[in-house]
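These notes are about the structure you will find just below.
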Amino acid sequence: MPRMNFHDRVSITVENHVAHVLLDRADKMNALDDAMFEAIIAAGRYLHNERGIRAVVLSGAGRSFCAGLDLSSMAKADRWAKDEESGGLTERTHGNANRPQQAAMVWRKLPMPVIAAIHGVCFGGGLQVASGADIRFIAPDARLAVMEVKWGLVPDMAGYALWRGNVRDDVLRELTYTHREFSGEDAVRFGFATHVSADPLADAMALAQDIASKSPTAVRGAKLLSNRTPDMSVDEVLMAESLAQHELMYSKNQIEAVRAGMEKRPAEFVDP
């Protein structure tokens, strides 16, 4: 598949059912300006509607994953945020999210797993974009920060929703109040990342290929359960599991998974 480009800020290439999404503004350490917000959201929309994508890898070009908000665009962003006619930050322009929030939430909303590969700087909004992924590989010497208080703001790109259940509450409070930097190794210890890796992109791609070899309907069903169940009661969780399993049992992909396993051969799945 040829390389797809979105607003000259984000590119997508696809191979063997894995899409590689590249934040591609290396000269600015992939900082978030208007075009980058639009490009990230457009890339997510494209992947959501593209058949045959079973896993996504999200990475940054150049020497960093994402340096956060482009400070040169802050004045424009401030005008947009306070625009009473448009509703600004309080307007839900993308389902349950505004535009900046959707740049992080779009990865969690995708039906297939997303794996982030983090290196270099990952500050503020960049950290929240990475947090939208299901799984995160991170370089040990990566530099991270919950940066917003430094600029007199609070994290507001879905971070609080995405960190919930991963980052310990008191640790998140300290890092937010102080905006101090921490390393990739710290990020795993704190819950912001999953694995420390000497080569985050290579490890992310390897895991994505592994996931892509599994039943795409089962993997999507598992992601949906993972997204929905944290806000459910026990009774609701039990029913959600049963309903999801009912949809999968005796389906074409489920039967193929069993046959391939018994016959010790690679499975040939049908994409939803």
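Just remember, in the structure tokens the first chain shown is A, the second B, etc., residues are 1-based per chain, and ligands are 1-based in the order shown.
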
Close residues, A:Phe37 itself excluded, 8 Å, only C-alpha atoms, min 6 positions apart in chain, as an mmCIF file with N, CA and C atoms, in the first residue's frame:
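The resulting file, out12.cif, is reproduced below:
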data_model
loop_
_atom_site.group_PDB
_atom_site.id
_atom_site.type_symbol
_atom_site.label_atom_id
_atom_site.label_comp_id
_atom_site.auth_asym_id
_atom_site.auth_seq_id
_atom_site.Cartn_x
_atom_site.Cartn_y
_atom_site.Cartn_z
ATOM 1 N N ARG A 99 -11.842 18.804 20.148
ATOM 2 C CA ARG A 99 -10.806 18.461 19.181
ATOM 3 C C ARG A 99 -9.492 18.028 19.831
ATOM 4 N N PRO A 100 -8.921 18.779 20.780
ATOM 5 C CA PRO A 100 -7.671 18.305 21.395
ATOM 6 C C PRO A 100 -7.825 16.953 22.091
ATOM 7 N N ALA A 103 -7.648 13.996 19.715
ATOM 8 C CA ALA A 103 -6.320 13.624 19.233
ATOM 9 C C ALA A 103 -5.700 12.520 20.081
#

Hey, could you make a per-residue contact list for stretch 66-139 of chain A against stretch 177-198 of chain A with 12 Å as the cut-off, showing the nearest pair of atoms and its distance in Å to one decimal, counting only C-alpha atoms, sorted by chain and number, as a Markdown table?
| residue | atom | partner | partner_atom | distance |
| --- | --- | --- | --- | --- |
| A:Ile115 | CA | A:Thr194 | CA | 9.9 |
| A:Ala116 | CA | A:Ala193 | CA | 9.1 |
| A:Ala117 | CA | A:Ser197 | CA | 9.0 |
| A:Ile118 | CA | A:Gly184 | CA | 8.5 |
| A:His119 | CA | A:Gly184 | CA | 8.3 |
| A:Gly120 | CA | A:Gly184 | CA | 9.2 |
| A:Val121 | CA | A:Ser183 | CA | 9.7 |
| A:Cys122 | CA | A:Gly184 | CA | 9.7 |
| A:Phe123 | CA | A:Glu181 | CA | 8.6 |
| A:Gly124 | CA | A:His179 | CA | 9.0 |
| A:Leu127 | CA | A:Phe192 | CA | 8.5 |
| A:Gln128 | CA | A:Phe192 | CA | 9.6 |
| A:Val129 | CA | A:Phe192 | CA | 11.6 |
| A:Ala130 | CA | A:Ala193 | CA | 8.9 |
| A:Ser131 | CA | A:Phe192 | CA | 7.1 |
| A:Gly132 | CA | A:Phe192 | CA | 10.6 |
| A:Ala133 | CA | A:Ala193 | CA | 9.8 |
| A:Asp134 | CA | A:Thr194 | CA | 9.2 |
| A:Ile135 | CA | A:Thr194 | CA | 6.0 |
| A:Arg136 | CA | A:Ala193 | CA | 5.0 |
| A:Phe137 | CA | A:His195 | CA | 4.9 |
| A:Ile138 | CA | A:Val196 | CA | 5.0 |
| A:Ala139 | CA | A:Ser197 | CA | 5.1 |

Go ahead and write the selection's residues with all heavy atoms as a short mmCIF file (atom, residue, chain, number, x, y, z; two decimals), in the first residue's frame.
data_model
loop_
_atom_site.label_atom_id
_atom_site.label_comp_id
_atom_site.auth_asym_id
_atom_site.auth_seq_id
_atom_site.Cartn_x
_atom_site.Cartn_y
_atom_site.Cartn_z
N ILE A 115 -0.40 0.42 19.49
CA ILE A 115 0.83 0.29 20.27
C ILE A 115 1.69 1.52 19.99
O ILE A 115 2.03 1.79 18.84
CB ILE A 115 1.60 -0.98 19.89
CG1 ILE A 115 0.68 -2.21 20.01
CG2 ILE A 115 2.83 -1.15 20.77
CD1 ILE A 115 1.19 -3.42 19.29
N ALA A 116 2.04 2.27 21.02
CA ALA A 116 2.87 3.46 20.85
C ALA A 116 4.33 3.10 21.08
O ALA A 116 4.66 2.31 21.96
CB ALA A 116 2.43 4.56 21.81
N ALA A 117 5.21 3.72 20.28
CA ALA A 117 6.65 3.59 20.44
C ALA A 117 7.19 4.98 20.78
O ALA A 117 7.14 5.89 19.96
CB ALA A 117 7.29 3.07 19.16
N ILE A 118 7.68 5.14 22.01
CA ILE A 118 8.02 6.47 22.53
C ILE A 118 9.53 6.59 22.70
O ILE A 118 10.17 5.74 23.32
CB ILE A 118 7.32 6.71 23.88
CG1 ILE A 118 5.82 6.51 23.75
CG2 ILE A 118 7.64 8.10 24.41
CD1 ILE A 118 5.09 6.42 25.08
N HIS A 119 10.08 7.67 22.16
CA HIS A 119 11.50 7.97 22.34
C HIS A 119 11.66 9.48 22.47
O HIS A 119 10.75 10.24 22.15
CB HIS A 119 12.33 7.45 21.16
CG HIS A 119 12.16 8.26 19.91
ND1 HIS A 119 10.96 8.30 19.21
CD2 HIS A 119 13.00 9.09 19.24
CE1 HIS A 119 11.09 9.09 18.16
NE2 HIS A 119 12.33 9.59 18.15
N GLY A 120 12.81 9.92 22.94
CA GLY A 120 13.07 11.35 23.04
C GLY A 120 12.12 12.03 24.00
O GLY A 120 11.84 11.54 25.09
N VAL A 121 11.61 13.18 23.56
CA VAL A 121 10.73 13.99 24.39
C VAL A 121 9.27 13.57 24.21
O VAL A 121 8.82 13.32 23.09
CB VAL A 121 10.90 15.49 24.06
CG1 VAL A 121 9.82 16.33 24.69
CG2 VAL A 121 12.28 15.96 24.52
N CYS A 122 8.56 13.52 25.32
CA CYS A 122 7.12 13.21 25.30
C CYS A 122 6.48 14.03 26.42
O CYS A 122 6.30 13.55 27.54
CB CYS A 122 6.90 11.72 25.50
SG CYS A 122 5.19 11.16 25.32
N PHE A 123 6.13 15.27 26.10
CA PHE A 123 5.67 16.22 27.10
C PHE A 123 4.19 16.55 26.89
O PHE A 123 3.69 16.59 25.75
CB PHE A 123 6.45 17.53 27.00
CG PHE A 123 7.87 17.47 27.49
CD1 PHE A 123 8.78 18.46 27.13
CD2 PHE A 123 8.32 16.45 28.32
CE1 PHE A 123 10.09 18.44 27.58
CE2 PHE A 123 9.63 16.42 28.78
CZ PHE A 123 10.52 17.41 28.39
N GLY A 124 3.51 16.88 27.98
CA GLY A 124 2.18 17.48 27.93
C GLY A 124 1.21 16.75 27.02
O GLY A 124 0.87 15.58 27.25
N LEU A 127 2.31 13.38 25.70
CA LEU A 127 2.14 12.28 26.64
C LEU A 127 0.70 11.79 26.63
O LEU A 127 0.44 10.58 26.71
CB LEU A 127 2.54 12.73 28.05
CG LEU A 127 2.36 11.73 29.19
CD1 LEU A 127 3.08 10.43 28.91
CD2 LEU A 127 2.84 12.34 30.50
N GLN A 128 -0.25 12.71 26.47
CA GLN A 128 -1.65 12.31 26.44
C GLN A 128 -2.00 11.59 25.13
O GLN A 128 -2.76 10.63 25.13
CB GLN A 128 -2.53 13.53 26.67
CG GLN A 128 -2.38 14.06 28.10
CD GLN A 128 -3.06 15.39 28.34
OE1 GLN A 128 -4.25 15.46 28.61
NE2 GLN A 128 -2.29 16.47 28.21
N VAL A 129 -1.42 12.03 24.02
CA VAL A 129 -1.62 11.31 22.75
C VAL A 129 -1.09 9.89 22.88
O VAL A 129 -1.76 8.92 22.50
CB VAL A 129 -0.93 12.05 21.59
CG1 VAL A 129 -0.90 11.18 20.33
CG2 VAL A 129 -1.64 13.36 21.30
N ALA A 130 0.11 9.72 23.42
CA ALA A 130 0.67 8.38 23.61
C ALA A 130 -0.19 7.54 24.54
O ALA A 130 -0.31 6.32 24.37
CB ALA A 130 2.09 8.49 24.16
N SER A 131 -0.80 8.18 25.53
CA SER A 131 -1.61 7.46 26.51
C SER A 131 -2.89 6.90 25.91
O SER A 131 -3.52 6.03 26.50
CB SER A 131 -1.94 8.38 27.69
OG SER A 131 -0.76 8.77 28.36
N GLY A 132 -3.28 7.39 24.72
CA GLY A 132 -4.44 6.82 24.04
C GLY A 132 -4.21 5.43 23.52
O GLY A 132 -5.16 4.69 23.24
N ALA A 133 -2.94 5.03 23.37
CA ALA A 133 -2.62 3.69 22.88
C ALA A 133 -2.96 2.64 23.93
O ALA A 133 -3.02 2.92 25.13
CB ALA A 133 -1.13 3.61 22.51
N ASP A 134 -3.16 1.41 23.47
CA ASP A 134 -3.43 0.29 24.38
C ASP A 134 -2.18 -0.11 25.15
O ASP A 134 -2.24 -0.50 26.32
CB ASP A 134 -3.92 -0.92 23.59
CG ASP A 134 -5.23 -0.66 22.86
OD1 ASP A 134 -5.22 0.07 21.85
OD2 ASP A 134 -6.25 -1.20 23.29
N ILE A 135 -1.03 -0.05 24.46
CA ILE A 135 0.25 -0.54 24.98
C ILE A 135 1.32 0.44 24.56
O ILE A 135 1.26 0.99 23.44
CB ILE A 135 0.56 -1.95 24.41
CG1 ILE A 135 -0.54 -2.95 24.83
CG2 ILE A 135 1.93 -2.44 24.85
CD1 ILE A 135 -0.61 -4.17 23.95
N ARG A 136 2.34 0.66 25.42
CA ARG A 136 3.38 1.63 25.11
C ARG A 136 4.78 1.06 25.40
O ARG A 136 5.05 0.65 26.53
CB ARG A 136 3.18 2.91 25.95
CG ARG A 136 2.04 3.78 25.48
CD ARG A 136 1.56 4.76 26.54
NE ARG A 136 0.94 4.06 27.66
CZ ARG A 136 -0.30 3.57 27.65
NH1 ARG A 136 -1.05 3.72 26.56
NH2 ARG A 136 -0.80 2.94 28.68
N PHE A 137 5.62 1.02 24.36
CA PHE A 137 7.04 0.71 24.52
C PHE A 137 7.78 2.05 24.61
O PHE A 137 7.50 2.97 23.85
CB PHE A 137 7.57 -0.08 23.31
CG PHE A 137 7.12 -1.51 23.29
CD1 PHE A 137 5.97 -1.88 22.62
CD2 PHE A 137 7.86 -2.50 23.92
CE1 PHE A 137 5.54 -3.20 22.58
CE2 PHE A 137 7.46 -3.82 23.90
CZ PHE A 137 6.29 -4.18 23.22
N ILE A 138 8.76 2.14 25.51
CA ILE A 138 9.43 3.42 25.72
C ILE A 138 10.93 3.24 25.91
O ILE A 138 11.38 2.27 26.54
CB ILE A 138 8.81 4.15 26.93
CG1 ILE A 138 9.29 5.59 27.01
CG2 ILE A 138 9.08 3.40 28.23
CD1 ILE A 138 8.44 6.45 27.92
N ALA A 139 11.70 4.14 25.33
CA ALA A 139 13.14 4.12 25.51
C ALA A 139 13.48 4.48 26.96
O ALA A 139 12.82 5.34 27.56
CB ALA A 139 13.80 5.11 24.55
#

Of the candidates A:Glu38, A:Asp199, A:Asp33, A:Ala212, which shows the shortest atom-to-atom distance to A:Gly125, using only C-alpha atoms?
A:Asp33

Any idea what's packed within 10 Å of A:Ala42, counting only C-alpha atoms, ignoring anything in its chain fewer than 6 positions away? Could you give it as a PyMOL selection string?
chain A and resi 5-7+10+36+48+103+106

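With only C-alpha atoms as the atoms that count, the minimum distance from A:Ala67 to the choices A:Leu47, A:Val146, A:Leu22, A:Ile53 is reached by A:Val146.
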
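Put simply, atom CA of A:Ala257 is 28.1 Å away from atom CA of A:Tyr46.
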
DSSP on the backbone: which residues in stretch 78-234 of chain A end up as helix (DSSP H, G or I)? Give the answer as number ranges by chain.
A: 78-81, 88-90, 99-109, 125-131, 148-151, 159-163, 169-178, 184-190, 200-212, 216-231, 234

List as CSV every residue of stretch 45-129 of chain A that is in contact with stretch 24-28 of chain A, defined as an atom at most 12 Å from one of its atoms (using only C-alpha atoms), together with the nearest atom pair and the distance in Å rounded to one decimal, sorted by chain and then rising number.
residue,atom,partner,partner_atom,distance
A:Leu58,CA,A:Asp24,CA,11.0
A:Ser59,CA,A:Asp24,CA,9.0
A:Gly60,CA,A:Asp24,CA,6.4
A:Ala61,CA,A:Asp24,CA,5.2
A:Gly62,CA,A:Ala26,CA,4.8
A:Arg63,CA,A:Ala26,CA,7.1
A:Ser64,CA,A:Ala26,CA,7.6
A:Phe65,CA,A:Ala26,CA,9.0
A:Cys66,CA,A:Lys28,CA,8.7
A:Ala67,CA,A:Lys28,CA,7.9
A:Gly68,CA,A:Lys28,CA,10.0
A:Leu69,CA,A:Lys28,CA,10.4
A:Asp70,CA,A:Lys28,CA,8.1
A:Leu71,CA,A:Lys28,CA,10.7
A:Ser72,CA,A:Lys28,CA,10.9
A:Gly120,CA,A:Ala26,CA,11.5
A:Val121,CA,A:Lys28,CA,11.2

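The residues of stretch 107-267 of chain A that DSSP classifies as strand (DSSP E), using the backbone of this structure, are Val114, Ile115, Ala116, Ala117, Ile118, Val121, Cys122, Phe123, Ile135, Arg136, Phe137, Ile138, Arg143, Leu144, Ala145, Phe182, Ser183, His195 and Val196 of chain A.
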
For A:Thr217: contacts at 8 Å, only C-alpha atoms, fewer than 4 positions along chain excluded, given as a PDB file with C-alpha atoms, in the first residue's frame:
ATOM      1  CA  GLY A 221     -14.054  -7.899  21.015  1.00  0.00           C
ATOM      2  CA  LEU A 248     -17.875 -14.975  18.677  1.00  0.00           C
ATOM      3  CA  ASN A 253     -13.020 -16.825  12.602  1.00  0.00           C
ATOM      4  CA  ASP A 271     -11.387  -9.206   8.457  1.00  0.00           C
ATOM      5  CA  PRO A 272     -14.515  -7.551   9.848  1.00  0.00           C
TER       6      PRO A 272
END

Quick one: contact table of stretch 114-202 of chain A to stretch 228-240 of chain A, 12 Å max, nearest atom pair and distance in Å to one decimal per residue, counting only C-alpha atoms, chain and number order, as a tab-separated table?
residue	atom	partner	partner_atom	distance
A:Ala161	CA	A:Pro230	CA	11.0
A:Leu162	CA	A:Pro230	CA	11.4
A:Arg164	CA	A:Pro230	CA	9.6
A:Gly165	CA	A:Pro230	CA	8.4
A:Asn166	CA	A:Pro230	CA	11.6
